[in-house]
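Written below as structure tokens is the structure these notes are about.
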Amino acid sequence: MLDELISYFKVQESLRPGSSFEMAMRKVYNTINKVRALNISSGSRINENELQEFERTLAGSVYTGLAMNTSWGQQSEKYAVLANRRNFDDVVTFLKTQSGNQRNFWNTFFNQHSPNKFWQDLNYTGPDMNLKMFTLQDGEARQRILRKYPDLARATGSVAPTAFSGVAPANATESFLSVFTLLLGVGNFTWLTATDRQELSNPVSLMGLAAAFIDTGLNLIQLGKFLDNVTSFIYGSGGKIVNTVVEYMAKFSQYLSNLTAKGKHLANVLERQIANKMFLATTTQSIVKVIDICFVGLAALGAALAAYNLYQAVEGGDVGEIIFAAINMLVATVALGIAIASFMGFAIAGPLEIVIAVIGIVVAIAQWVYDLLKKQKIEPTPIATYTNEYIKPRGLEYKDLGSYLCRVLGRDGNMVCALDAKTMNTDWANVKKILDHQNPIYNRAGALVTSSRTGKVYNFANIKKPGYGSISNFFTAGATTPISNWSTLGELETCEHAVESRAKDGSTASIFVALEKYANSSRAFLTRSLEDAPATNNEITGRLELEWQEFPLDVVAINGLDKPMFLIFTTQHIWQVKGNELSRVISDFVGAPGEKLTWGYLDGLALGTNVNLIYRLRNNDAINTSYHYLLTQDDDGNYARMKLLRTINRSISQSRIVGRLYQKTQDLFARMDFMYHDGKSYARYGAIMNNTGDASLSLHNGVEFQVPDNGFLSFYKNAFIPR
């Protein structure tokens, strides 16, 4: 049955309603549903561990079905099966040393036919081989291999016709070849989707697959045990979540998240490029369906398994491991999974309706989880244990740092209000504020700037007549004192963004992004400080070598480097200003060459020396999806490294996201904290930084709450009032 089920996951065939793949997914979920229902009606004769093993086996059939539907490819096709020599060598080693009673056959086979020669023949592109466009389970591909290596058509006399073949009905004459392709396909698929794709990554040797070759009886392989081990390798087995599971679960969830959220829209996303190589026979339109149906279906299943692991970890008191394993997989995939589960009538196994608040104002494991655990009185409560033993020792509580500034339309008109970075208090009647409703002057979200160097808050909204005031009494006196000797270009009307960078030696520089009256595109100026006005001699717009319809959208300043440093985000590229040097560090950051962003879809945030880019696309099916990237320095000190940190399935408009950096200490990693407003909800999330400065974990949906429309308009992202 499992053999036949795997063969039905035909990814590279038509994926229209009623397709072989859809029917196979229905069988998996309906079988899970029926078995659980029958078990309940019979008085739960099957215990939960046995049920979970059964469900892991069925989940493994989905995973293996995708793996066996990948194309052979060829050596020149990066990420293809026949380009992964290390995986091939690992499979050969496994078969020669860990394949149970098959070892004699495989040792004899590879003594007669060297692995090098076998590899070269599989990659041969002549008409009698040329496997490139065939899938691993394609009958014609098998026949071409068997004509060259007829020994692989043999099977021991004890092998029954039900032995694994990868096709339906099973054919014992091809069992040895099928075992080889099974290991080759699962190994490469796992290497591509659940590792960092480095040469030394070796999933085949880590999955514990040898257990599937022990006591095989009449079959060459215990397929159920094989599938269970494959699934346990990625998701865990419902027991203690060990570091290996944490690592592979996190990487697998990141691959699925990037592919399904962004890869289906942009052709140059790495995860989509990998999918293209896995499924070479698909067209551009077809690969989108593969992502939207097959990988989303796999993600839904992953969410269910992660949910069960989360429940088991909580119930077993293993709360510290929750953050680093089940949550990442669960929340990264659950939204995607529920959509297709609803469409196809899936019944997802284990607890799924999970709402989790992590590393937030109140650290809480969802109330329903606690209710499940209250079968007997537990002292202390899971929440207290989690907070006292995990959150506090790691310094993950929010500190009383100060307040963001935001623009609000209230009963008294427009106001600039303080939004406490710890409590997120949105009761505007009871927070510090300054009115701005008559002849508003604080009406440019990027033009209100606080400077820790001068202790002042500056307002450049009217770039002809900017003002400043003291940070300490901004809410009483505002920022209206004129800047001495200020004189700027007459044609400039408003300032969209103003930032200041301070280097290690104390030297400073500022960049202003300003607009002329009735102008659609902005101009950029590099000055000595915030109190040095934009002028003809410090304009850098021309030095940026902007393309047609390219103009600055935002700018961030990075402090504490050898020279004042800025990144300018245009509608198409990312430019770096280091001292007085200008260079384009990332081209076509949106993805597709020539693709541009419209005004109002992008925000840049500098947290320490890391830069965050948050944007959403225009003319796109995912107009409500925002993408959060992390930009870090390369070995030459240039911001040329760009990594997707997470996707946000919300429409975040410009100036509706802010963030702060919690500095690294002797005992604690640094972490980033972000807060945003999407028009309906306030939410925050964070990322713990590793030693290299990259975000090692994205905490999706950290804290979120809805407030009836209370007039929130935007954050002033360049201003922060410290406590």
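Here, A, B, ... name the chains of the structure tokens in the order displayed, residue numbers run from 1 inside each chain, and ligands are numbered from 1 in the same displayed order.
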
Neighbours of Lys277 (chain A) within 6 Å (only C-alpha atoms; same-chain residues fewer than 2 positions away dropped), as an NGL selection string?
:A and (79-80 or 274-275 or 279-280)

Selected residues, all heavy atoms, written as a CSV table (one decimal), in the first residue's frame, please.
chain,number,residue,atom,x,y,z
A,79,TYR,N,22.1,21.4,-8.2
A,79,TYR,CA,21.0,21.0,-7.3
A,79,TYR,C,20.2,19.8,-7.8
A,79,TYR,O,19.4,19.2,-7.1
A,79,TYR,CB,19.9,22.1,-7.1
A,79,TYR,CG,20.5,23.4,-6.5
A,79,TYR,CD1,20.3,24.6,-7.1
A,79,TYR,CD2,21.3,23.3,-5.3
A,79,TYR,CE1,20.9,25.8,-6.5
A,79,TYR,CE2,21.9,24.5,-4.8
A,79,TYR,CZ,21.6,25.7,-5.4
A,79,TYR,OH,22.2,26.9,-4.9
A,80,ALA,N,20.5,19.3,-9.0
A,80,ALA,CA,19.9,18.1,-9.6
A,80,ALA,C,20.4,16.9,-8.9
A,80,ALA,O,21.5,16.9,-8.3
A,80,ALA,CB,20.0,18.0,-11.1
A,274,ILE,N,16.1,26.2,-6.7
A,274,ILE,CA,16.3,24.8,-6.3
A,274,ILE,C,15.1,23.9,-6.8
A,274,ILE,O,15.3,22.8,-7.3
A,274,ILE,CB,16.5,24.7,-4.8
A,274,ILE,CG1,17.8,25.3,-4.4
A,274,ILE,CG2,16.4,23.2,-4.3
A,274,ILE,CD1,18.0,25.5,-2.9
A,275,ALA,N,13.9,24.4,-6.6
A,275,ALA,CA,12.7,23.7,-7.0
A,275,ALA,C,12.7,23.4,-8.5
A,275,ALA,O,12.3,22.4,-9.0
A,275,ALA,CB,11.4,24.4,-6.6
A,279,PHE,N,12.6,19.7,-10.3
A,279,PHE,CA,11.5,19.3,-11.2
A,279,PHE,C,11.7,20.0,-12.6
A,279,PHE,O,11.0,20.9,-13.0
A,279,PHE,CB,10.2,19.8,-10.6
A,279,PHE,CG,10.0,19.2,-9.2
A,279,PHE,CD1,10.0,20.1,-8.1
A,279,PHE,CD2,9.7,17.9,-9.0
A,279,PHE,CE1,9.9,19.6,-6.8
A,279,PHE,CE2,9.5,17.4,-7.7
A,279,PHE,CZ,9.6,18.2,-6.6
A,280,LEU,N,12.7,19.4,-13.3
A,280,LEU,CA,13.1,20.0,-14.6
A,280,LEU,C,12.1,20.0,-15.7
A,280,LEU,O,12.1,20.8,-16.6
A,280,LEU,CB,14.4,19.3,-15.1
A,280,LEU,CG,15.7,19.7,-14.4
A,280,LEU,CD1,16.8,18.7,-14.8
A,280,LEU,CD2,16.1,21.1,-14.6

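With only C-alpha atoms taken into account, the protein and nucleic acid residues at most 7 Å from Gly591 (chain A) (excluding it and anything under 2 positions from it in its own chain) are Leu266, Asn268, Val269, Asp588, Phe589 and Pro593 of chain A.
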
Fewer than 4 positions away in the same chain doesn't count, so skip those; otherwise give me all residues within 6 Å of region 496-512 of chain A, counting only C-alpha atoms, as number ranges by chain.
A: 446-447, 524-530, 557-564

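Residue neighbourhood of region 45-53 of chain A, excluding near-sequence residues (fewer than 2 positions): A:Arg36, A:Asn39, A:Ser42, A:Gly43, A:Glu55, A:Arg56, A:Thr57, A:Asp228, A:Ser237, A:Gly238, at 8 Å, using only C-alpha atoms.
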
Mind checking DSSP for region 48-204 of chain A and telling me the helix (DSSP H, G or I) residues as a PyMOL selection string?
chain A and resi 48-68+81-83+85-97+100-112+115-122+139-148+150-153+172-194+203-204

Write the residues of the preceding selection, restricted to C-alpha atoms, as a short mmCIF file (atom, residue, chain, number, x, y, z; two decimals), in the first residue's frame.
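Okay, again_22.cif is ready:
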data_model
loop_
_atom_site.label_atom_id
_atom_site.label_comp_id
_atom_site.auth_asym_id
_atom_site.auth_seq_id
_atom_site.Cartn_x
_atom_site.Cartn_y
_atom_site.Cartn_z
CA GLU A 48 -1.17 7.61 21.00
CA ASN A 49 2.44 6.62 20.32
CA GLU A 50 1.34 3.97 17.84
CA LEU A 51 -1.02 6.43 16.15
CA GLN A 52 1.74 8.98 15.84
CA GLU A 53 4.09 6.41 14.34
CA PHE A 54 1.41 5.47 11.82
CA GLU A 55 0.87 9.14 10.92
CA ARG A 56 4.62 9.77 10.62
CA THR A 57 4.78 6.86 8.20
CA LEU A 58 2.03 8.36 6.04
CA ALA A 59 3.72 11.77 6.23
CA GLY A 60 6.93 10.09 5.09
CA SER A 61 5.09 8.80 2.03
CA VAL A 62 4.28 12.39 1.02
CA TYR A 63 7.86 13.52 1.59
CA THR A 64 9.26 10.50 -0.26
CA GLY A 65 6.68 10.89 -3.02
CA LEU A 66 8.00 14.39 -3.77
CA ALA A 67 11.57 13.11 -3.60
CA MET A 68 10.90 10.27 -6.05
CA VAL A 81 20.18 14.51 -8.38
CA LEU A 82 23.00 13.79 -10.84
CA ALA A 83 24.88 16.92 -9.79
CA ARG A 85 28.16 13.43 -6.24
CA ARG A 86 28.53 13.56 -2.45
CA ASN A 87 25.02 12.20 -2.00
CA PHE A 88 25.72 9.45 -4.54
CA ASP A 89 28.90 8.47 -2.67
CA ASP A 90 27.02 8.45 0.64
CA VAL A 91 24.37 6.13 -0.83
CA VAL A 92 27.05 3.78 -2.19
CA THR A 93 28.76 3.68 1.21
CA PHE A 94 25.45 3.05 2.96
CA LEU A 95 24.49 0.19 0.64
CA LYS A 96 27.89 -1.46 1.03
CA THR A 97 27.95 -1.21 4.83
CA GLY A 100 21.47 -5.65 5.98
CA ASN A 101 21.32 -8.81 3.92
CA GLN A 102 21.76 -6.75 0.74
CA ARG A 103 25.36 -5.89 1.60
CA ASN A 104 26.79 -8.89 -0.25
CA PHE A 105 24.93 -7.95 -3.40
CA TRP A 106 26.01 -4.33 -3.30
CA ASN A 107 29.64 -5.09 -2.50
CA THR A 108 29.75 -7.52 -5.39
CA PHE A 109 28.02 -5.05 -7.69
CA PHE A 110 30.40 -2.17 -6.91
CA ASN A 111 33.43 -4.45 -7.15
CA GLN A 112 32.36 -5.38 -10.66
CA PRO A 115 31.18 3.73 -8.37
CA ASN A 116 33.04 6.20 -10.64
CA LYS A 117 32.03 4.30 -13.78
CA PHE A 118 28.44 3.90 -12.53
CA TRP A 119 28.26 7.66 -11.85
CA GLN A 120 29.66 8.52 -15.28
CA ASP A 121 27.20 6.21 -17.01
CA LEU A 122 24.23 7.71 -15.17
CA GLY A 139 9.73 3.46 -16.11
CA GLU A 140 11.70 4.45 -19.21
CA ALA A 141 14.59 5.76 -17.08
CA ARG A 142 14.71 2.47 -15.18
CA GLN A 143 14.77 0.47 -18.39
CA ARG A 144 17.69 2.53 -19.74
CA ILE A 145 19.67 1.90 -16.56
CA LEU A 146 18.80 -1.80 -16.53
CA ARG A 147 19.91 -2.25 -20.14
CA LYS A 148 23.33 -1.02 -19.05
CA PRO A 150 21.09 -5.83 -15.80
CA ASP A 151 22.39 -7.00 -12.40
CA LEU A 152 20.18 -4.36 -10.79
CA ALA A 153 17.13 -6.18 -12.13
CA ALA A 172 10.40 -7.50 -7.75
CA THR A 173 12.70 -7.72 -10.77
CA GLU A 174 13.63 -4.08 -10.27
CA SER A 175 13.90 -4.02 -6.50
CA PHE A 176 17.64 -3.42 -6.18
CA LEU A 177 17.56 -0.49 -8.59
CA SER A 178 14.52 0.91 -6.82
CA VAL A 179 16.21 0.76 -3.41
CA PHE A 180 19.17 2.63 -4.90
CA THR A 181 16.97 5.36 -6.44
CA LEU A 182 14.92 5.61 -3.24
CA LEU A 183 18.02 6.40 -1.17
CA LEU A 184 19.42 8.68 -3.86
CA GLY A 185 16.19 10.67 -4.17
CA VAL A 186 15.43 11.06 -0.46
CA GLY A 187 19.06 11.95 0.26
CA ASN A 188 19.21 14.69 -2.36
CA PHE A 189 15.74 16.05 -1.57
CA THR A 190 16.63 16.29 2.13
CA TRP A 191 20.00 17.86 1.36
CA LEU A 192 18.28 20.54 -0.73
CA THR A 193 15.39 21.34 1.60
CA ALA A 194 16.58 20.63 5.14
CA PRO A 203 21.58 13.36 5.60
CA VAL A 204 21.66 9.75 4.37
#

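Here CA of Glu77 (chain A) stands at a distance of 19.9 Å from CA of Val288 (chain A).
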
Please identify all polymer residues within 6 Å of region 469-485 of chain A, counting only C-alpha atoms, omitting same-chain residues fewer than 5 positions from it, and present them as a PDB file with N, CA and C atoms, in the first residue's frame.
ATOM      1  N   LYS A 433       2.023  63.280  24.708  1.00  0.00           N
ATOM      2  CA  LYS A 433       1.711  63.632  23.320  1.00  0.00           C
ATOM      3  C   LYS A 433       1.860  65.133  23.131  1.00  0.00           C
ATOM      4  N   ILE A 434       1.904  65.505  21.865  1.00  0.00           N
ATOM      5  CA  ILE A 434       1.920  66.909  21.494  1.00  0.00           C
ATOM      6  C   ILE A 434       0.957  67.091  20.329  1.00  0.00           C
ATOM      7  N   GLY A 455      21.501  65.345  21.842  1.00  0.00           N
ATOM      8  CA  GLY A 455      20.408  65.369  22.801  1.00  0.00           C
ATOM      9  C   GLY A 455      19.209  66.146  22.297  1.00  0.00           C
ATOM     10  N   LYS A 456      19.136  66.319  20.975  1.00  0.00           N
ATOM     11  CA  LYS A 456      18.063  67.115  20.388  1.00  0.00           C
ATOM     12  C   LYS A 456      17.160  66.259  19.507  1.00  0.00           C
ATOM     13  N   VAL A 457      15.955  66.762  19.306  1.00  0.00           N
ATOM     14  CA  VAL A 457      15.047  66.197  18.326  1.00  0.00           C
ATOM     15  C   VAL A 457      14.854  67.238  17.236  1.00  0.00           C
TER      16      VAL A 457
END

Find the residues around Leu419 (chain A) up to 8 Å (only C-alpha atoms counted), leave out those fewer than 3 positions away in its own chain, and share them as a ChimeraX atom specification.
/A:403-406,424-426,431

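Residues in contact range of region 670-681 of chain A, defined as at most 7 Å between only C-alpha atoms, with sequence neighbours fewer than 3 positions away removed, read A:Arg650, A:Ser651, A:Ile652, A:Arg656, A:Ile657, A:Val658, A:Gly659, A:Arg660, A:Leu661, A:Tyr662, A:Gln663, A:Lys664, A:Arg684, A:Tyr685, A:Gly686, A:Ala687, A:Ile688, A:Met689, A:Glu704, A:Phe705, A:Gln706, A:Val707.
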
Let me make sure I understand: among A:Leu630, A:Cys294, A:Ala299, A:Leu492, which one has the smallest atom-to-atom distance to Asn612 (chain A) if we use only C-alpha atoms?
A:Leu630
